[in-house]
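S.K.: This is the structure I want to talk about, given as structure tokens.
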Amino acid sequence: MLTIVNNETTFRAAAVLVLLPLVSVAAYHRIRAARASPAEKLDRRQEGLARAIALRLCGLAMWAGMFTYLISPETMRWSQVDLPGWLRWAGAGLGALSVPLLWWQMQALGRNLTDTVVTRANATLVTSGPYRWVRHPLYMIALIFVASFSLLAANWFVLASWVGAMAFLRARTRIEEQKLVERFGDEYRAYMRRTGRYFPRLRR
């Protein structure tokens with residue numbers, strides 16, 4: 001009979017096995033996009049200074065919580081919740097799902113990838129891959145990953161940090177879409193009408 005090990009060391013190992021490939025996929029595609037336009041400087045001020053700072057602080061808190069759990073889980077015990085083993089292992093399943101989803105999204109976006117609201121000079125409108133149904137699939141993929149890690153770590157702080165970041169991302173998304181309308185005009189307006197922002201649009 002298969003015995004499922006439910007100790008903290010095993011859950012931490014599973015979290016690492018989810019985190020490493022996901023970070024590797026993200027880093028590879030970000031470096032590739034940056035190298036495609038090495039001289040291009042993106043004006044990050046256009047997303048709003050206060051919003052940019054708040055968003056990055058939430059992101060920093062989230063990543064700090066993750067790495068603190070992996071290195072010293074007892075330090076994060078104050079935000080730990082009592083979850084059954086099967087639910088924590090469900091987090092591993094979500095994490096395994098997030099990696100190919102992120103690869104799919106990043107491959108579709110290609111050299112258009114940026115970390116701000118400004119589009120690249122040679123940007124094209126991407127409507128393939130997950131963008132066929134959703135305009136901002138990265139945010140939901142990130143949510144799947146954060147939920148995965150939060151379940152594996154049985155820790156509410158990581159998820160709460162992401163919820164805070166998402167509040168600022170929602171505001172930033174509106175600016176991003178304004179920039180895309182300015183860039184692609186009616187083509188992007190038509191794209192908005194047939195797709196959902198974060199979730200696929202229900203067909204009538």
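Identifiers in this document derive from the order of the structure tokens: chains are assigned A, B, ..., residues are numbered from 1 separately in each chain, and ligands are numbered from 1 in order of occurrence.
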Could you list, as a short mmCIF file (atom, residue, chain, number, x, y, z; two decimals) with C-alpha atoms, in the first residue's frame, every residue within 9 Å of region 52-54 of chain A, counting only C-alpha atoms and ignoring same-chain residues fewer than 4 positions away?
M.R.:
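The resulting file, part.cif, is shown below:
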data_model
loop_
_atom_site.label_atom_id
_atom_site.label_comp_id
_atom_site.auth_asym_id
_atom_site.auth_seq_id
_atom_site.Cartn_x
_atom_site.Cartn_y
_atom_site.Cartn_z
CA ARG A 44 7.57 52.31 -15.99
CA ARG A 45 6.44 55.65 -14.61
CA GLU A 47 1.75 52.92 -14.52
CA GLY A 48 1.81 55.48 -11.69
CA CYS A 58 3.13 43.33 -2.12
CA GLY A 59 5.12 41.17 -4.51
CA THR A 116 4.84 47.25 -17.10
CA GLY A 164 -3.07 42.71 -2.11
CA ALA A 165 -0.95 42.69 -5.25
CA PHE A 168 -3.15 47.02 -7.60
CA ARG A 172 -2.90 48.78 -13.54
#
S.K.: With only C-alpha atoms counted and 7 Å as the cut-off, give the residues of region 129-153 of chain A in contact with region 10-32 of chain A, each with its shortest interatomic distance in Å and the pair that gives it, as CSV.
M.R.:
residue,atom,partner,partner_atom,distance
A:Phe149,CA,A:Ala15,CA,6.2
A:Leu152,CA,A:Phe11,CA,5.8
A:Ala153,CA,A:Phe11,CA,6.8
S.K.: Could those residues be written to a file, using C-alpha atoms, as a PDB file, in the first residue's frame?
M.R.:
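Saved result, selection_6.pdb, follows:
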ATOM      1  CA  PHE A 149       2.172  27.288  -2.746  1.00  0.00           C
ATOM      2  CA  LEU A 152       1.534  23.266   0.288  1.00  0.00           C
ATOM      3  CA  ALA A 153       2.849  25.641   2.942  1.00  0.00           C
TER       4      ALA A 153
END
S.K.: For Tyr191 (chain A), work out the shell of residues within 12 Å, counting only C-alpha atoms and skipping chain neighbours fewer than 3 positions away, then give it as an MDAnalysis selection string.
M.R.: chainID A and resid 125:128 131:135 177 180:181 184:188 194:197 201
S.K.: Using only C-alpha atoms, which residue out of A:Glu182, A:Ser161, A:Trp156, A:Ala167 lies closest to Asp82 (chain A)?
M.R.: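 Nearest candidate to Asp82 (chain A) out of A:Glu182, A:Ser161, A:Trp156, A:Ala167: A:Trp156.
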S.K.: Please provide the set of residues having any atom within 9 Å of Met66 (chain A), restricted to only C-alpha atoms, with same-chain residues fewer than 3 positions apart removed, written as a PyMOL selection string.
M.R.: chain A and resi 61-63+69-71+149-150+153+158
S.K.: In Å, with one decimal, what is the gap from CA of Asn112 (chain A) to CA of Phe145 (chain A)?
M.R.: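 Rounded to one decimal, the two atoms are 22.4 Å apart.
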